[in-house]
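Source file: model_18.txt (compact mmCIF, C-alpha atoms)
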# COMPACT_ATOMS: atom_id res chain seq x y z
CA MET O 1 65.02 11.69 -75.35
CA LYS O 2 61.55 11.28 -73.89
CA GLY O 3 60.60 12.77 -70.55
CA ASP O 4 60.66 9.44 -68.71
CA GLU O 5 64.16 8.67 -70.05
CA LEU O 6 65.41 12.06 -68.84
CA ARG O 7 63.82 11.41 -65.46
CA ARG O 8 65.59 8.08 -65.00
CA LEU O 9 68.90 9.60 -66.07
CA PHE O 10 68.54 12.52 -63.64
CA ASN O 11 67.52 10.36 -60.68
CA SER O 12 70.43 7.99 -61.21
CA HIS O 13 72.94 10.87 -61.13
CA PHE O 14 71.38 12.98 -58.35
CA THR O 15 73.47 13.77 -55.29
CA PRO O 16 72.85 16.20 -52.39
CA GLU O 17 76.09 17.93 -53.37
CA ARG O 18 74.75 18.72 -56.83
CA PHE O 19 71.55 20.12 -55.29
CA ALA O 20 73.64 22.33 -52.99
CA ARG O 21 75.60 23.53 -56.02
CA PHE O 22 72.31 24.34 -57.77
CA GLN O 23 71.04 26.33 -54.75
CA SER O 24 74.27 28.28 -54.52
CA LEU O 25 74.24 29.01 -58.25
CA ILE O 26 70.67 30.31 -58.38
CA ASP O 27 71.25 32.54 -55.35
CA GLU O 28 74.40 33.91 -56.97
CA ARG O 29 72.65 34.60 -60.27
CA SER O 30 69.63 36.15 -58.53
CA GLY O 31 71.75 38.45 -56.39
CA THR O 32 69.87 37.33 -53.27
CA HIS O 33 68.81 34.20 -51.43
CA VAL O 34 65.67 32.87 -53.10
CA GLY O 35 62.92 33.21 -50.50
CA PHE O 36 60.81 30.19 -51.44
CA ARG O 37 61.56 26.49 -51.63
CA LEU O 38 63.15 25.28 -54.83
CA CYS O 39 62.68 21.65 -55.75
CA GLU O 40 65.66 19.32 -55.95
CA THR O 41 64.72 18.44 -59.52
CA PRO O 42 63.36 19.99 -62.69
CA CYS O 43 60.44 18.32 -64.45
CA PHE O 44 60.94 16.49 -67.72
CA PHE O 45 58.11 16.25 -70.24
CA ASP O 46 57.76 15.18 -73.85
CA SER O 47 57.84 18.05 -76.34
CA ASP O 48 54.41 17.18 -77.77
CA PHE O 49 52.87 17.56 -74.31
CA MET O 50 54.57 20.94 -73.87
CA GLN O 51 53.23 22.05 -77.23
CA ARG O 52 49.77 20.84 -76.31
CA ILE O 53 49.51 22.76 -73.06
CA SER O 54 50.85 25.89 -74.77
CA ARG O 55 48.21 25.55 -77.48
CA GLU O 56 45.36 24.86 -75.06
CA GLY O 57 46.28 27.84 -72.89
CA ARG O 58 46.25 30.07 -75.95
CA GLU O 59 42.83 28.70 -76.90
CA LEU O 60 41.48 29.64 -73.47
CA ILE O 61 42.90 33.16 -73.73
CA SER O 62 41.35 33.56 -77.17
CA GLN O 63 37.93 32.49 -75.89
CA LEU O 64 37.99 35.44 -73.50
CA VAL O 65 39.84 38.10 -75.48
CA ASP O 66 38.12 37.56 -78.82
CA ASP O 67 34.58 37.51 -77.41
CA PRO O 68 32.92 40.96 -77.26
CA ALA O 69 30.13 39.48 -75.15
CA TYR O 70 32.62 38.35 -72.50
CA ARG O 71 34.23 41.79 -72.57
CA ARG O 72 30.86 43.30 -71.64
CA ILE O 73 30.15 40.63 -69.03
CA SER O 74 33.57 41.08 -67.42
CA ASP O 75 32.84 44.77 -66.79
CA ALA O 76 31.08 43.44 -63.69
CA SER O 77 34.39 42.04 -62.40
CA LEU O 78 35.99 45.48 -62.11
CA PRO O 79 35.64 47.09 -58.68
CA GLU O 80 34.83 50.76 -59.10
CA GLN O 81 37.86 51.90 -57.08
CA TYR O 82 40.27 49.82 -59.23
CA ASN O 83 38.93 50.62 -62.69
CA VAL O 84 42.02 52.06 -64.40
CA PRO O 85 41.44 54.17 -67.55
CA ASN O 86 43.02 53.69 -70.99
CA GLU O 87 42.54 49.93 -71.01
CA PRO O 88 43.81 48.16 -74.16
CA ALA O 89 41.88 45.52 -76.07
CA GLU O 90 43.72 42.57 -74.54
CA PRO O 91 46.13 41.66 -71.75
CA MET O 92 49.88 41.78 -72.25
CA PHE O 93 50.62 39.06 -69.67
CA VAL O 94 48.55 35.96 -68.91
CA GLN O 95 49.33 32.94 -66.73
CA VAL O 96 47.45 29.68 -67.30
CA ASP O 97 47.85 27.08 -64.54
CA PHE O 98 47.24 23.44 -65.48
CA GLY O 99 47.23 20.42 -63.24
CA VAL O 100 48.84 17.35 -64.80
CA VAL O 101 46.55 14.31 -64.84
CA ARG O 102 46.84 10.92 -66.49
CA GLY O 103 43.77 10.01 -68.52
CA GLU O 104 42.14 6.64 -69.04
CA ASP O 105 44.08 6.48 -72.32
CA GLY O 106 47.33 6.39 -70.32
CA PHE O 107 48.53 9.77 -71.61
CA LEU O 108 49.11 12.99 -69.67
CA HIS O 109 46.45 15.69 -70.00
CA PRO O 110 46.28 19.30 -68.77
CA LYS O 111 43.36 20.38 -66.54
CA LEU O 112 42.82 24.06 -65.84
CA VAL O 113 43.33 25.20 -62.27
CA GLU O 114 43.41 28.98 -62.71
CA ILE O 115 43.95 31.72 -65.29
CA GLN O 116 45.29 35.19 -64.47
CA GLY O 117 45.86 38.33 -66.54
CA PHE O 118 48.84 39.45 -64.47
CA PRO O 119 52.65 39.14 -64.74
CA SER O 120 54.61 36.34 -63.13
CA LEU O 121 58.32 35.54 -62.69
CA TYR O 122 59.37 36.37 -66.25
CA ALA O 123 62.94 37.33 -65.32
CA PHE O 124 63.59 34.61 -62.74
CA GLN O 125 62.14 31.54 -64.43
CA PRO O 126 64.52 31.17 -67.40
CA VAL O 127 67.47 31.79 -65.07
CA LEU O 128 66.16 29.05 -62.77
CA ALA O 129 65.81 26.60 -65.66
CA GLN O 130 69.32 27.33 -66.95
CA SER O 131 70.71 26.92 -63.44
CA TYR O 132 69.29 23.39 -63.24
CA ILE O 133 71.00 22.56 -66.53
CA ASP O 134 74.33 24.07 -65.50
CA ALA O 135 74.52 22.84 -61.90
CA TYR O 136 73.54 19.28 -62.77
CA GLU O 137 75.59 19.29 -66.00
CA MET O 138 72.63 18.19 -68.10
CA PRO O 139 72.54 17.98 -71.91
CA VAL O 140 72.89 21.40 -73.53
CA ASP O 141 70.09 20.75 -76.02
CA LEU O 142 67.37 20.75 -73.36
CA HIS O 143 64.77 23.46 -73.87
CA TYR O 144 62.79 25.58 -71.41
CA LEU O 145 61.54 28.34 -73.72
CA LEU O 146 58.53 27.94 -76.01
CA ASP O 147 57.34 28.81 -79.50
CA GLY O 148 60.81 28.53 -81.01
CA LEU O 149 62.32 31.26 -78.83
CA ASN O 150 66.02 31.25 -78.03
CA ASN O 151 67.51 33.04 -75.04
CA SER O 152 68.37 36.33 -76.78
CA GLN O 153 64.96 36.46 -78.48
CA TYR O 154 63.24 35.88 -75.15
CA TRP O 155 64.98 38.79 -73.44
CA ALA O 156 64.40 41.04 -76.45
CA LEU O 157 60.69 40.23 -76.36
CA LEU O 158 60.53 40.86 -72.63
CA LYS O 159 62.35 44.18 -72.97
CA HIS O 160 60.07 45.31 -75.78
CA SER O 161 57.00 44.41 -73.71
CA ILE O 162 58.08 45.87 -70.36
CA VAL O 163 60.27 48.82 -71.35
CA GLY O 164 58.62 49.72 -74.64
CA GLY O 165 60.37 52.62 -76.33
CA HIS O 166 61.40 54.32 -73.07
CA ASP O 167 64.64 54.77 -71.23
CA PRO O 168 64.59 51.95 -68.62
CA GLU O 169 65.04 54.45 -65.79
CA ASN O 170 61.62 55.91 -66.68
CA VAL O 171 60.03 52.47 -66.24
CA VAL O 172 59.37 50.97 -62.81
CA LEU O 173 58.32 47.59 -61.48
CA LEU O 174 55.59 48.68 -59.06
CA GLU O 175 55.09 46.53 -55.96
CA VAL O 176 54.21 46.68 -52.27
CA ASP O 177 57.41 46.64 -50.18
CA PRO O 178 59.44 44.88 -52.93
CA GLY O 179 62.53 44.47 -50.77
CA HIS O 180 60.70 42.05 -48.47
CA GLN O 181 58.72 40.04 -51.02
CA LYS O 182 59.55 36.37 -51.61
CA THR O 183 59.76 37.24 -55.31
CA ARG O 184 62.60 39.74 -54.75
CA CYS O 185 64.84 37.44 -56.81
CA ASP O 186 62.68 38.18 -59.86
CA PHE O 187 62.75 41.93 -59.18
CA LEU O 188 66.54 42.00 -58.96
CA LEU O 189 66.89 40.02 -62.18
CA THR O 190 64.42 42.34 -63.91
CA GLU O 191 66.67 45.26 -62.97
CA ARG O 192 69.85 43.43 -63.98
CA MET O 193 68.52 42.25 -67.34
CA LEU O 194 66.25 45.16 -68.32
CA GLY O 195 67.37 48.11 -66.20
CA VAL O 196 63.90 48.38 -64.64
CA ARG O 197 64.01 48.97 -60.89
CA ALA O 198 61.43 47.75 -58.34
CA VAL O 199 59.73 50.65 -56.54
CA CYS O 200 57.34 50.53 -53.60
CA LEU O 201 53.92 52.04 -54.18
CA THR O 202 54.35 54.25 -51.14
CA GLN O 203 57.52 55.83 -52.59
CA VAL O 204 55.79 57.17 -55.70
CA VAL O 205 55.02 60.90 -55.80
CA ARG O 206 52.25 62.43 -57.87
CA ARG O 207 52.26 65.91 -59.37
CA GLY O 208 49.26 66.65 -61.55
CA ARG O 209 49.00 63.84 -64.12
CA ASN O 210 52.62 62.78 -63.65
CA LEU O 211 54.31 60.28 -61.31
CA PHE O 212 57.89 60.38 -59.99
CA TYR O 213 60.28 58.26 -57.91
CA GLN O 214 63.72 58.62 -56.36
CA ARG O 215 66.59 56.91 -58.20
CA ASP O 216 70.17 57.30 -56.97
CA GLY O 217 69.37 60.61 -55.28
CA ARG O 218 67.50 62.05 -58.28
CA GLU O 219 63.80 62.51 -58.87
CA VAL O 220 62.88 60.63 -62.06
CA GLU O 221 59.60 60.74 -63.95
CA ILE O 222 57.73 57.45 -64.38
CA ARG O 223 56.60 57.02 -67.98
CA ARG O 224 55.68 53.32 -67.87
CA ILE O 225 54.66 50.92 -65.08
CA TYR O 226 55.30 47.17 -65.00
CA ASN O 227 52.63 46.50 -62.40
CA ARG O 228 53.24 43.72 -59.87
CA ALA O 229 51.15 45.15 -57.01
CA ILE O 230 48.39 42.71 -55.99
CA VAL O 231 45.12 44.40 -55.10
CA ASP O 232 44.21 42.07 -52.24
CA GLU O 233 47.64 42.69 -50.66
CA ILE O 234 47.15 46.46 -50.98
CA GLU O 235 43.85 46.13 -49.14
CA ARG O 236 45.05 43.59 -46.60
CA ARG O 237 48.04 45.76 -45.64
CA GLN O 238 46.02 48.99 -45.91
CA VAL O 239 48.63 50.59 -48.12
CA ALA O 240 48.29 54.37 -48.40
CA MET O 241 48.09 55.04 -52.12
CA PRO O 242 49.86 58.09 -53.59
CA PHE O 243 47.41 58.18 -56.49
CA ASP O 244 43.91 56.99 -57.34
CA TRP O 245 43.76 54.04 -59.74
CA ARG O 246 40.87 55.76 -61.53
CA ASP O 247 42.88 58.90 -62.36
CA ASP O 248 43.82 59.57 -65.98
CA LEU O 249 47.57 59.69 -65.39
CA ASP O 250 50.20 60.43 -68.02
CA VAL O 251 51.69 56.96 -67.77
CA GLU O 252 51.67 53.72 -69.77
CA TRP O 253 50.98 50.30 -68.29
CA ALA O 254 53.06 47.23 -69.13
CA GLY O 255 50.30 44.88 -68.14
CA HIS O 256 47.15 46.92 -67.61
CA PRO O 257 45.78 46.41 -64.06
CA ASN O 258 42.18 45.83 -65.18
CA PHE O 259 43.05 42.41 -66.56
CA TYR O 260 43.85 41.20 -63.04
CA PHE O 261 40.04 41.12 -62.71
CA ARG O 262 38.85 40.47 -66.27
CA VAL O 263 41.09 37.41 -66.79
CA SER O 264 40.87 35.64 -63.48
CA LYS O 265 38.81 33.06 -61.58
CA PHE O 266 35.87 35.24 -62.66
CA SER O 267 36.54 34.02 -66.21
CA ILE O 268 36.46 30.28 -65.59
CA PRO O 269 32.65 29.77 -65.62
CA TYR O 270 32.62 31.34 -69.11
CA LEU O 271 35.25 29.00 -70.58
CA HIS O 272 34.17 25.98 -72.62
CA HIS O 273 37.01 23.57 -73.26
CA PRO O 274 37.85 19.92 -72.46
CA SER O 275 40.61 21.11 -70.11
CA VAL O 276 38.24 23.22 -67.97
CA PRO O 277 36.52 21.58 -64.96
CA GLU O 278 32.93 22.47 -64.17
CA THR O 279 32.88 25.83 -62.42
CA ILE O 280 29.88 27.77 -61.05
CA PHE O 281 29.50 31.13 -59.35
CA LEU O 282 28.43 30.36 -55.82
CA ASP O 283 25.40 32.65 -55.99
CA ARG O 284 24.15 30.64 -59.01
CA VAL O 285 24.38 27.22 -57.37
CA GLU O 286 20.79 25.99 -57.11
CA LYS O 287 21.63 22.78 -55.25
CA LEU O 288 24.93 21.92 -53.62
CA PRO O 289 26.71 18.81 -54.97
CA ASP O 290 26.08 15.67 -52.93
CA ASP O 291 29.82 15.05 -52.48
CA LEU O 292 31.53 18.35 -51.70
CA SER O 293 34.87 16.57 -51.19
CA LYS O 294 35.19 16.59 -55.00
CA TRP O 295 34.84 20.37 -55.19
CA VAL O 296 36.90 23.45 -54.30
CA LEU O 297 35.56 26.72 -52.92
CA LYS O 298 37.56 29.73 -54.15
CA PRO O 299 37.29 33.48 -53.59
CA LEU O 300 37.58 35.29 -56.92
CA TYR O 301 40.40 37.67 -56.07
CA SER O 302 42.77 36.02 -53.66
CA PHE O 303 46.44 35.32 -54.29
CA ALA O 304 48.71 32.36 -53.48
CA GLY O 305 45.80 30.16 -52.42
CA LEU O 306 44.47 32.45 -49.69
CA GLY O 307 40.90 31.60 -48.76
CA VAL O 308 40.72 28.45 -50.92
CA VAL O 309 38.88 25.53 -49.29
CA ILE O 310 39.41 22.08 -50.80
CA GLY O 311 36.48 19.77 -50.10
CA PRO O 312 34.43 22.41 -48.25
CA GLU O 313 31.83 21.47 -45.68
CA LYS O 314 28.28 22.74 -46.09
CA ALA O 315 28.99 24.94 -43.05
CA ASP O 316 31.84 26.66 -44.94
CA ILE O 317 29.43 27.65 -47.69
CA ASP O 318 26.59 28.59 -45.33
CA ALA O 319 29.00 30.95 -43.54
CA ILE O 320 29.37 33.10 -46.67
CA PRO O 321 26.74 35.92 -46.63
CA ALA O 322 24.37 35.93 -49.58
CA ALA O 323 25.62 39.37 -50.64
CA GLN O 324 29.19 37.98 -50.95
CA ARG O 325 28.46 34.77 -52.83
CA ALA O 326 28.92 36.33 -56.26
CA ASN O 327 32.59 36.75 -55.26
CA PHE O 328 33.15 32.99 -54.92
CA ILE O 329 33.21 30.05 -57.30
CA LEU O 330 32.62 26.38 -56.70
CA GLN O 331 34.95 24.41 -58.95
CA GLN O 332 35.13 20.70 -59.58
CA ARG O 333 38.36 19.49 -58.02
CA VAL O 334 41.23 18.65 -60.34
CA GLU O 335 42.65 15.33 -59.17
CA PHE O 336 46.35 15.74 -59.93
CA THR O 337 48.01 12.46 -60.86
CA PRO O 338 51.38 11.86 -59.18
CA VAL O 339 53.61 11.49 -62.25
CA VAL O 340 57.11 12.63 -61.21
CA GLU O 341 59.26 9.82 -59.84
CA THR O 342 61.29 10.89 -56.80
CA PRO O 343 63.09 9.14 -53.90
CA PHE O 344 60.03 9.97 -51.78
CA GLY O 345 57.52 8.45 -54.16
CA LEU O 346 55.55 9.87 -57.05
CA THR O 347 54.94 13.63 -56.86
CA LYS O 348 52.27 15.83 -58.43
CA ALA O 349 53.00 18.72 -60.78
CA GLU O 350 51.23 21.92 -61.76
CA ILE O 351 52.42 23.75 -64.87
CA ARG O 352 52.00 27.50 -65.31
CA VAL O 353 52.27 28.46 -68.97
CA MET O 354 53.41 32.08 -69.23
CA TYR O 355 52.23 34.23 -72.15
CA VAL O 356 53.29 37.60 -73.55
CA ASN O 357 50.73 39.07 -75.95
CA ARG O 358 49.23 35.56 -76.32
CA ARG O 359 52.61 34.06 -77.22
CA PRO O 360 53.68 31.18 -74.93
CA VAL O 361 57.21 31.93 -73.74
CA THR O 362 58.13 29.66 -70.79
CA HIS O 363 56.77 27.85 -67.70
CA ILE O 364 56.74 27.67 -63.96
CA ILE O 365 56.39 24.28 -62.28
CA ARG O 366 55.05 23.64 -58.80
CA MET O 367 55.66 20.19 -57.39
CA GLY O 368 53.97 18.87 -54.28
CA ARG O 369 52.44 16.01 -52.40
CA GLY O 370 50.11 18.12 -50.25
CA LYS O 371 46.48 19.09 -50.88
CA MET O 372 47.56 22.23 -52.73
CA MET O 373 50.58 22.88 -54.94
CA GLY O 374 51.94 26.14 -53.57
CA VAL O 375 55.19 26.00 -51.61
CA ASP O 376 53.38 27.15 -48.45
CA HIS O 377 51.26 23.99 -48.59
CA ASN O 378 54.19 21.55 -48.87
CA ARG O 379 56.29 22.54 -45.89
CA ASN O 380 58.80 20.14 -44.32
CA MET O 381 58.88 17.97 -47.46
CA GLU O 382 61.69 17.16 -49.87
CA TRP O 383 61.57 17.00 -53.66
CA VAL O 384 58.71 19.52 -53.74
CA GLY O 385 58.53 23.25 -54.46
CA ALA O 386 59.11 25.61 -57.37
CA SER O 387 60.78 24.10 -60.40
CA ALA O 388 61.19 24.35 -64.18
CA ALA O 389 60.12 22.25 -67.16
CA LEU O 390 62.82 20.86 -69.44
CA TYR O 391 62.27 18.94 -72.65
CA HIS O 392 63.99 17.77 -75.81
CA GLU O 393 62.70 19.20 -79.07
CA GLU O 394 61.79 16.14 -81.10
CA SER O 395 62.53 16.21 -84.82
The structure given in the file should be rewritten as structure tokens.
Amino acid sequence: MKGDELRRLFNSHFTPERFARFQSLIDERSGTHVGFRLCETPCFFDSDFMQRISREGRELISQLVDDPAYRRISDASLPEQYNVPNEPAEPMFVQVDFGVVRGEDGFLHPKLVEIQGFPSLYAFQPVLAQSYIDAYEMPVDLHYLLDGLNNSQYWALLKHSIVGGHDPENVVLLEVDPGHQKTRCDFLLTERMLGVRAVCLTQVVRRGRNLFYQRDGREVEIRRIYNRAIVDEIERRQVAMPFDWRDDLDVEWAGHPNFYFRVSKFSIPYLHHPSVPETIFLDRVEKLPDDLSKWVLKPLYSFAGLGVVIGPEKADIDAIPAAQRANFILQQRVEFTPVVETPFGLTKAEIRVMYVNRRPVTHIIRMGRGKMMGVDHNRNMEWVGASAALYHEES
């Protein structure tokens, strides 16, 4: 079945009771109440579109990772105090966010919004997608994994990437105050599925080149870190660090922290692809565009849309000191096309394609009718929020 056929079938069978069953099921499977808004519906797309966005995301990653010149250029993106040693040749985890737009040809096209060399909700997202299928009693042959992966292969790949060859108790998911993060559902599922426990940065102890944490009353050595700690949150909350990021510690990184900077909004001006909107470092803008309403001002290293100004005024740009302008980009605005039919009208969708070692594995969907797609920007609305992409594999 095509995506539009699946959409009509879902809408005709939707009831508030089924949505309540879905919410209860995902909370039960997560082991906690999910702390962000989940959309009433999954998204349905054609398989050829899903394959296209997976391919185009991989092309963008390759442009950055396979270019020695970009590697040298991106050295400038690394703040001295966050330059972690023993960096590998390429990122383990990359997220590529595409806005869905309808072209003049009538077909859907992906347009890049952001790219980030940092982990996302790898444990939660497939559980969310399966919960939509189960709660709404949808066809069992719907897919939400990519590149031919089945469920057992997905979890094996994730375990190999995050745990490596270690005992899971010697691997930690490192975060700032993980028990109070909205993404706690993902942390709990990571522990349930992989045995890797979330640990707060402040609870880590350093002795020489080694790190330790408390687990069930025992001190356990940390041999590998699945890093989920966001640098701007560390700085914003003035977290007291138990170690210096620059130290040569006897620890492996599952997702090296340097790629948070190297593969980021800093990268976008260096990408050349039909899916990439025009993007300029603010300090290199010789003349401001005549119509700023068609542009977005973004700080390079913010998270969850913090500091982003859609349609900035000239005064917004003038307020940024000259010495700080290299840390901002001006990006041509992606005009999302409302393409998802809901009882509240057509809704826009953003698709995050999630990669492990360049392999596309699954997606996150954000649905919204506000200016931005994050759940914080679509408050007090229905049929918006975090979702999953489902599709039939066409023969």
Problem - O:Gln81, O:Ser275, O:Ser131, O:Ser120 ranked by distance to Arg21 in chain O, top pick (using all atoms listed in the file) - result: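 Counting all atoms listed in the file, the residue closest to Arg21 in chain O is O:Ser131.
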Problem - Which residue of O:Val339, O:Ile365, O:Phe22, O:Pro299 approaches Asp134 in chain O most closely, using all atoms listed in the file - result: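 Counting all atoms listed in the file, the residue closest to Asp134 in chain O is O:Phe22.
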Practice task
Excluding Leu128 in chain O and residues on its chain fewer than 6 positions from it, collect all residues at most 10 Å away from it, counting all atoms listed in the file, and give them as a ChimeraX atom specification.
Solution key: /O:22-23,25-27,29-30,38,42,134,144,364,386-388
Practice task
Please identify all polymer residues within 8 Å of Tyr154 in chain O, counting all atoms listed in the file, omitting same-chain residues fewer than 4 positions from it, and present them as a PyMOL selection string.
Solution key: chain O and resi 145+149-150+158+361
Handout entry: Given only C-alpha atoms as the counted atoms, nearest of O:Ala156, O:Phe328, O:Val176, O:Asp316 to Glu235 in chain O
Key =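 Ranking O:Ala156, O:Phe328, O:Val176, O:Asp316 by distance to Glu235 in chain O, first place goes to O:Val176.
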Can you check which parts of range 57-134 of chain O lie within 10 Å of range 252-261 of chain O? Per residue, the shortest pair of atoms and distance in Å to one decimal, counting all atoms listed in the file, sorted by chain and number, as CSV.
residue,atom,partner,partner_atom,distance
O:Ser74,CA,O:Phe261,CA,8.0
O:Asp75,CA,O:Phe261,CA,9.0
O:Ala76,CA,O:Phe261,CA,9.3
O:Ser77,CA,O:Phe261,CA,5.7
O:Leu78,CA,O:Phe261,CA,6.0
O:Pro79,CA,O:Phe261,CA,8.4
O:Tyr82,CA,O:Asn258,CA,7.4
O:Asn83,CA,O:Asn258,CA,6.3
O:Val84,CA,O:Asn258,CA,6.3
O:Pro85,CA,O:Asn258,CA,8.7
O:Asn86,CA,O:His256,CA,8.6
O:Glu87,CA,O:His256,CA,6.5
O:Pro88,CA,O:His256,CA,7.5
O:Glu90,CA,O:Phe259,CA,8.0
O:Pro91,CA,O:Phe259,CA,6.1
O:Met92,CA,O:Gly255,CA,5.2
O:Phe93,CA,O:Gly255,CA,6.0
O:Val94,CA,O:Phe259,CA,8.8
O:Ile115,CA,O:Tyr260,CA,9.7
O:Gln116,CA,O:Tyr260,CA,6.3
O:Gly117,CA,O:Tyr260,CA,5.0
O:Phe118,CA,O:Tyr260,CA,5.5
O:Pro119,CA,O:Gly255,CA,7.1
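Closest to Lys294 in chain O among O:Phe14, O:Asp318, O:Leu330, O:Arg8 is O:Leu330, based on only C-alpha atoms.
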Handout entry: Contacts of range 185-197 of chain O at 6 Å (only C-alpha atoms; same-chain gap of 4+ positions) as a list of chain:residue names
Key =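 Counting only C-alpha atoms, the residues come to O:Ser30, O:Val34, O:Leu121, O:Ala123, O:Phe124, O:Pro168, O:Val171, O:Val172, O:Leu173.
Comparing O:Leu271, O:Ala135, O:Val199, O:Val308 by their smallest distance to Glu17 in chain O, the closest is O:Ala135 (using all atoms listed in the file).
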Exercise for the section: Quick one: pull the distance between CA of Asp46 in chain O and CA of Lys2 in chain O, Å, one decimal. Expected result: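 Separating CA of Asp46 in chain O from CA of Lys2 in chain O is a distance of 5.4 Å.
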Problem - O:Val113, O:Val231, O:Asn170, O:Val239 ranked by distance to Cys200 in chain O, top pick (using only C-alpha atoms) - result: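 Among the listed residues, the smallest separation from Cys200 in chain O belongs to O:Val239.
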Handout entry: Two-atom distance - CA of Val96 in chain O, CA of Val353 in chain O (Å)
Key =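 It comes out at 5.2 Å.
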Problem - Two-atom distance - CA of Val100 in chain O, CA of Val334 in chain O (Å) - result: 8.9 Å
